[in-house]
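Coordinates from coords-v7.cif are shown below (mmCIF, C-alpha atoms).
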```cif
data_start
loop_
_atom_site.group_PDB
_atom_site.id
_atom_site.type_symbol
_atom_site.label_atom_id
_atom_site.label_comp_id
_atom_site.auth_asym_id
_atom_site.auth_seq_id
_atom_site.Cartn_x
_atom_site.Cartn_y
_atom_site.Cartn_z
ATOM 1 C CA MET A 1 77.298 19.415 -3.228
ATOM 2 C CA ASN A 2 76.711 15.669 -2.810
ATOM 3 C CA GLY A 3 73.038 16.148 -3.773
ATOM 4 C CA LEU A 4 74.085 17.996 -6.939
ATOM 5 C CA ILE A 5 76.373 15.144 -7.959
ATOM 6 C CA LYS A 6 73.595 12.603 -7.348
ATOM 7 C CA GLY A 7 71.182 14.727 -9.359
ATOM 8 C CA LEU A 8 73.568 15.022 -12.282
ATOM 9 C CA ALA A 9 74.171 11.264 -12.177
ATOM 10 C CA VAL A 10 70.432 10.625 -12.354
ATOM 11 C CA VAL A 11 69.925 13.026 -15.266
ATOM 12 C CA LEU A 12 72.902 11.505 -17.089
ATOM 13 C CA ALA A 13 71.605 7.956 -16.563
ATOM 14 C CA VAL A 14 68.141 8.875 -17.816
ATOM 15 C CA SER A 15 69.605 10.721 -20.809
ATOM 16 C CA MET A 16 71.684 7.702 -21.737
ATOM 17 C CA LEU A 17 68.689 5.375 -21.454
ATOM 18 C CA TRP A 18 66.535 7.777 -23.438
ATOM 19 C CA GLY A 19 69.114 8.019 -26.225
ATOM 20 C CA CYS A 20 69.543 4.247 -26.453
ATOM 21 C CA SER A 21 65.954 3.584 -27.427
ATOM 22 C CA SER A 22 65.767 1.792 -30.742
ATOM 23 C CA LYS A 23 62.009 1.390 -31.092
ATOM 24 C CA PRO A 24 60.660 2.775 -34.336
ATOM 25 C CA VAL A 25 58.117 5.548 -34.142
ATOM 26 C CA THR A 26 54.800 4.018 -35.117
ATOM 27 C CA SER A 27 51.219 4.951 -34.564
ATOM 28 C CA ASP A 28 48.115 2.876 -35.100
ATOM 29 C CA LYS A 29 45.172 5.214 -34.951
ATOM 30 C CA GLY A 30 42.952 2.459 -36.317
ATOM 31 C CA ALA A 31 42.367 1.379 -32.709
ATOM 32 C CA GLU A 32 41.130 4.853 -31.807
ATOM 33 C CA GLY A 33 37.684 3.782 -30.631
ATOM 34 C CA ALA A 34 38.877 0.725 -28.725
ATOM 35 C CA ALA A 35 38.961 2.500 -25.357
ATOM 36 C CA THR A 36 35.198 2.687 -25.251
ATOM 37 C CA ALA A 37 34.613 -0.722 -26.790
ATOM 38 C CA GLY A 38 34.826 -2.839 -23.657
ATOM 39 C CA ALA A 39 37.060 -4.601 -21.207
ATOM 40 C CA ASP A 40 40.803 -4.917 -21.446
ATOM 41 C CA LYS A 41 42.077 -8.112 -22.995
ATOM 42 C CA GLY A 42 44.234 -9.464 -20.177
ATOM 43 C CA ALA A 43 46.337 -6.402 -19.464
ATOM 44 C CA ALA A 44 47.865 -6.227 -16.037
ATOM 45 C CA THR A 45 49.235 -3.256 -14.194
ATOM 46 C CA SER A 46 52.806 -2.689 -15.225
ATOM 47 C CA GLY A 47 55.423 -3.668 -12.676
ATOM 48 C CA VAL A 48 56.923 -0.871 -10.652
ATOM 49 C CA ASP A 49 60.271 -1.046 -8.904
ATOM 50 C CA LEU A 50 59.468 -0.274 -5.282
ATOM 51 C CA GLY A 51 63.009 -0.843 -4.110
ATOM 52 C CA GLY A 52 65.037 2.015 -2.697
ATOM 53 C CA GLY A 53 68.223 1.320 -4.676
ATOM 54 C CA ALA A 54 70.335 3.817 -6.564
ATOM 55 C CA ALA A 55 68.125 6.410 -8.169
ATOM 56 C CA GLY A 56 69.701 6.248 -11.603
ATOM 57 C CA SER A 57 69.222 2.496 -11.966
ATOM 58 C CA ALA A 58 65.719 2.254 -10.520
ATOM 59 C CA ILE A 59 63.840 4.918 -12.441
ATOM 60 C CA SER A 60 60.834 3.421 -14.165
ATOM 61 C CA ALA A 61 60.769 3.376 -17.951
ATOM 62 C CA GLY A 62 57.691 5.614 -18.089
ATOM 63 C CA THR A 63 59.277 8.480 -16.166
ATOM 64 C CA SER A 64 60.286 11.417 -18.324
ATOM 65 C CA GLU A 65 63.626 13.193 -18.059
ATOM 66 C CA SER A 66 61.943 16.493 -17.125
ATOM 67 C CA THR A 67 60.034 14.764 -14.308
ATOM 68 C CA VAL A 68 63.290 13.414 -12.874
ATOM 69 C CA ALA A 69 65.024 16.785 -13.247
ATOM 70 C CA ALA A 70 62.196 18.537 -11.390
ATOM 71 C CA ALA A 71 62.395 15.988 -8.566
ATOM 72 C CA VAL A 72 66.155 16.476 -8.298
ATOM 73 C CA ALA A 73 65.651 20.257 -8.145
ATOM 74 C CA ALA A 74 63.105 19.814 -5.337
ATOM 75 C CA ASN A 75 65.594 17.671 -3.364
ATOM 76 C CA VAL A 76 63.372 14.596 -3.450
ATOM 77 C CA PRO A 77 65.065 11.715 -1.589
ATOM 78 C CA ASP A 78 66.619 8.884 -3.596
ATOM 79 C CA ASP A 79 64.063 6.338 -2.400
ATOM 80 C CA LEU A 80 61.285 8.350 -4.075
ATOM 81 C CA MET A 81 63.181 8.983 -7.313
ATOM 82 C CA SER A 82 62.303 5.488 -8.548
ATOM 83 C CA LYS A 83 58.615 6.021 -7.787
ATOM 84 C CA LEU A 84 57.602 9.051 -9.840
ATOM 85 C CA THR A 85 55.032 7.194 -11.944
ATOM 86 C CA VAL A 86 51.748 5.512 -10.998
ATOM 87 C CA TYR A 87 50.436 3.060 -13.601
ATOM 88 C CA PHE A 88 46.798 2.192 -14.368
ATOM 89 C CA ASP A 89 44.899 -0.687 -15.907
ATOM 90 C CA TYR A 90 43.334 -0.309 -19.342
ATOM 91 C CA ASP A 91 40.459 2.181 -19.449
ATOM 92 C CA LYS A 92 40.554 2.556 -15.646
ATOM 93 C CA SER A 93 41.219 5.377 -13.242
ATOM 94 C CA ASP A 94 41.162 3.260 -10.076
ATOM 95 C CA VAL A 95 44.419 3.358 -8.121
ATOM 96 C CA THR A 96 45.946 -0.115 -7.871
ATOM 97 C CA ALA A 97 47.621 -1.545 -4.751
ATOM 98 C CA GLU A 98 51.049 -0.887 -6.292
ATOM 99 C CA GLY A 99 50.010 2.654 -7.148
ATOM 100 C CA ARG A 100 48.785 3.276 -3.618
ATOM 101 C CA LYS A 101 52.212 2.312 -2.203
ATOM 102 C CA ILE A 102 53.853 4.885 -4.448
ATOM 103 C CA ILE A 103 51.312 7.573 -3.550
ATOM 104 C CA GLU A 104 51.705 6.859 0.181
ATOM 105 C CA ALA A 105 55.488 7.310 -0.050
ATOM 106 C CA HIS A 106 55.087 10.686 -1.776
ATOM 107 C CA ALA A 107 52.345 11.732 0.639
ATOM 108 C CA ARG A 108 54.678 11.128 3.596
ATOM 109 C CA TYR A 109 57.328 13.308 1.956
ATOM 110 C CA LEU A 110 54.863 16.050 1.050
ATOM 111 C CA THR A 111 53.292 16.230 4.513
ATOM 112 C CA ALA A 112 56.789 16.518 6.014
ATOM 113 C CA ASN A 113 57.689 19.254 3.478
ATOM 114 C CA PRO A 114 54.656 21.565 3.230
ATOM 115 C CA LYS A 115 56.399 24.071 0.931
ATOM 116 C CA VAL A 116 56.969 21.463 -1.783
ATOM 117 C CA ARG A 117 54.386 21.295 -4.587
ATOM 118 C CA VAL A 118 53.633 18.606 -7.138
ATOM 119 C CA THR A 119 51.732 18.480 -10.392
ATOM 120 C CA LEU A 120 49.955 15.225 -11.081
ATOM 121 C CA GLU A 121 50.111 14.698 -14.854
ATOM 122 C CA GLY A 122 47.488 12.268 -16.167
ATOM 123 C CA HIS A 123 48.172 10.282 -19.343
ATOM 124 C CA ALA A 124 46.451 7.642 -21.478
ATOM 125 C CA ASP A 125 47.514 5.271 -24.227
ATOM 126 C CA GLU A 126 46.647 6.000 -27.856
ATOM 127 C CA ARG A 127 43.458 3.956 -27.959
ATOM 128 C CA GLY A 128 40.295 6.041 -27.793
ATOM 129 C CA THR A 129 39.520 9.487 -29.135
ATOM 130 C CA PRO A 130 41.690 12.433 -28.072
ATOM 131 C CA GLU A 131 38.757 13.870 -26.105
ATOM 132 C CA TYR A 132 38.120 10.575 -24.297
ATOM 133 C CA ASN A 133 41.809 10.208 -23.457
ATOM 134 C CA LEU A 134 42.017 13.759 -22.071
ATOM 135 C CA ALA A 135 39.078 12.987 -19.786
ATOM 136 C CA LEU A 136 40.630 9.641 -18.766
ATOM 137 C CA GLY A 137 43.958 11.307 -17.998
ATOM 138 C CA GLU A 138 42.123 13.864 -15.881
ATOM 139 C CA ARG A 139 40.262 11.142 -13.954
ATOM 140 C CA ARG A 140 43.564 9.390 -13.275
ATOM 141 C CA ALA A 141 45.258 12.573 -12.048
ATOM 142 C CA LYS A 142 42.267 13.364 -9.822
ATOM 143 C CA ALA A 143 42.287 9.817 -8.413
ATOM 144 C CA VAL A 144 45.907 10.254 -7.297
ATOM 145 C CA ASP A 145 45.034 13.742 -5.999
ATOM 146 C CA GLN A 146 42.173 12.313 -3.904
ATOM 147 C CA VAL A 147 44.359 9.607 -2.347
ATOM 148 C CA MET A 148 47.001 12.204 -1.455
ATOM 149 C CA LYS A 149 44.390 14.451 0.154
ATOM 150 C CA VAL A 150 43.065 11.517 2.205
ATOM 151 C CA LEU A 151 46.668 10.997 3.345
ATOM 152 C CA ASN A 152 46.744 14.624 4.624
ATOM 153 C CA VAL A 153 48.654 16.306 1.799
ATOM 154 C CA ALA A 154 47.569 19.949 1.753
ATOM 155 C CA LYS A 155 45.333 20.976 -1.146
ATOM 156 C CA GLY A 156 47.710 23.845 -1.959
ATOM 157 C CA GLN A 157 50.533 21.403 -2.644
ATOM 158 C CA LEU A 158 48.691 19.602 -5.449
ATOM 159 C CA ASP A 159 47.869 20.549 -9.029
ATOM 160 C CA THR A 160 46.413 18.253 -11.678
ATOM 161 C CA VAL A 161 46.648 18.328 -15.455
ATOM 162 C CA SER A 162 45.788 15.885 -18.218
ATOM 163 C CA PHE A 163 47.775 15.323 -21.388
ATOM 164 C CA GLY A 164 45.668 12.413 -22.599
ATOM 165 C CA GLU A 165 47.536 10.531 -25.326
ATOM 166 C CA GLU A 166 49.640 13.534 -26.379
ATOM 167 C CA ARG A 167 52.823 12.727 -24.407
ATOM 168 C CA PRO A 168 53.463 8.988 -24.621
ATOM 169 C CA ALA A 169 56.273 7.633 -22.452
ATOM 170 C CA VAL A 170 56.826 4.839 -24.980
ATOM 171 C CA ILE A 171 56.080 4.992 -28.695
ATOM 172 C CA GLY A 172 54.438 1.844 -29.987
ATOM 173 C CA SER A 173 51.129 0.147 -30.664
ATOM 174 C CA ASP A 174 51.395 -2.940 -28.505
ATOM 175 C CA GLU A 175 50.368 -3.836 -24.956
ATOM 176 C CA SER A 176 53.813 -3.270 -23.426
ATOM 177 C CA SER A 177 53.903 0.271 -24.853
ATOM 178 C CA TRP A 178 50.323 1.040 -23.894
ATOM 179 C CA ALA A 179 50.921 -0.177 -20.315
ATOM 180 C CA LYS A 180 53.718 2.385 -19.862
ATOM 181 C CA ASN A 181 51.514 5.173 -21.254
ATOM 182 C CA ARG A 182 48.579 4.592 -18.855
ATOM 183 C CA ARG A 183 50.030 6.620 -16.026
ATOM 184 C CA VAL A 184 50.168 9.617 -13.722
ATOM 185 C CA GLU A 185 53.553 11.264 -13.374
ATOM 186 C CA ILE A 186 54.301 12.998 -10.076
ATOM 187 C CA VAL A 187 56.211 16.136 -11.048
ATOM 188 C CA TYR A 188 57.873 18.111 -8.250
ATOM 189 C CA SER A 189 58.498 21.842 -8.250
ATOM 190 C CA LYS A 190 60.219 24.070 -5.725
#
```
Please express the file's structure as structure tokens.
Amino acid sequence: MNGLIKGLAVVLAVSMLWGCSSKPVTSDKGAEGAATAGADKGAATSGVDLGGGAAGSAISAGTSESTVAAAVAANVPDDLMSKLTVYFDYDKSDVTAEGRKIIEAHARYLTANPKVRVTLEGHADERGTPEYNLALGERRAKAVDQVMKVLNVAKGQLDTVSFGEERPAVIGSDESSWAKNRRVEIVYSK
């Protein structure tokens, strides 16, 4: 019963945060080919809260409500609830040091719970063609998959999928928005 109350609190907190967004919906497809044009202009990996505080207050901005709900349904511990998203640098699929910490935490949980499955959902920002971004999202999801396998997560526990630019976590055409959209979401299922 206590887990149900925590889960409902998390979903409520995320719903309230989601509903409070006041950013206008904009799209700048003029930058569509920028992903293949060259190096990133000073973008850094987005900060990730690695603390184990209350789940509702520590969920990263890029984590979707359905991802959190799936984790609650799979009885994922509170300390992992704030770490459901791995962020990437511009036009890269290399796992960063911060990303590796998140993956290691989930790998420990998954190896201890062999019946639990996850889907690794790869995403990209809006820059680049849709085809390029689908491929980039797939490379990102497979990079997280590979790290988890090296950490002894069973192959049968992992699925990968790419959504490319189609499911942005944050709508906007600026670096702060793009940084939240370059990600892999770790989605739990029962």
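Atom CA of Gly164 of chain A is found 5.0 Å from atom CA of Gly137 of chain A.
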* Neighbours of point (44.9, 17.3, -12.5) within 9 Å, using only C-alpha atoms, written as a ChimeraX atom specification -> /A:119-122,137-145,158-162
* Structure fact -> Taken to one decimal, the atom CA of Gly128 of chain A-atom CA of Ala97 of chain A distance is 25.3 Å
* Asked: What's the 10 Å shell around Tyr109 of chain A, counting all atoms listed in the file, without same-chain residues fewer than 3 positions away, as a list in words?
  -> Val76, Pro77, Leu80, Ile103, Glu104, Ala105, His106, Ala112, Asn113, Pro114, Val116 and Val153 of chain A
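Each of A:Arg183, A:Asp79, A:Val170, A:Arg108 was checked against Thr96 of chain A using only C-alpha atoms; the smallest atom-to-atom distance is that of A:Arg183.
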* Distance of atom CA of Ala179 of chain A from atom CA of Ala107 of chain A, expressed in Å to one decimal place -> 24.1 Å
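Shortest atom-to-atom contact with Glu165 of chain A among A:Ala124, A:Tyr188, A:Val150, A:Ser177: A:Ala124, counting all atoms listed in the file.
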* Top pick for closest residue to Gln146 of chain A, considering A:Thr129, A:Ser176, A:Asn181, A:Ser93 and counting only C-alpha atoms -> A:Ser93
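The smallest atom-to-atom distance between Met81 of chain A and any of A:Ile186, A:Arg117, A:Ser173, A:Thr111, using all atoms listed in the file, is found for A:Ile186.
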* Asked: What would the list of residues within 7 Å of (47.8, 7.1, -27.9) (file frame) look like as number ranges by chain, if all atoms listed in the file are what count?
  -> A: 124-127, 165-166, 168
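When only C-alpha atoms are used to measure the gap to His123 of chain A, the shortest distance among A:Leu151, A:Leu110, A:Gly172, A:Asp89 belongs to A:Asp89.
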* Top pick for closest residue to Phe88 of chain A, considering A:Lys180, A:Arg167, A:Gly156, A:Pro130 and counting all atoms listed in the file -> A:Lys180
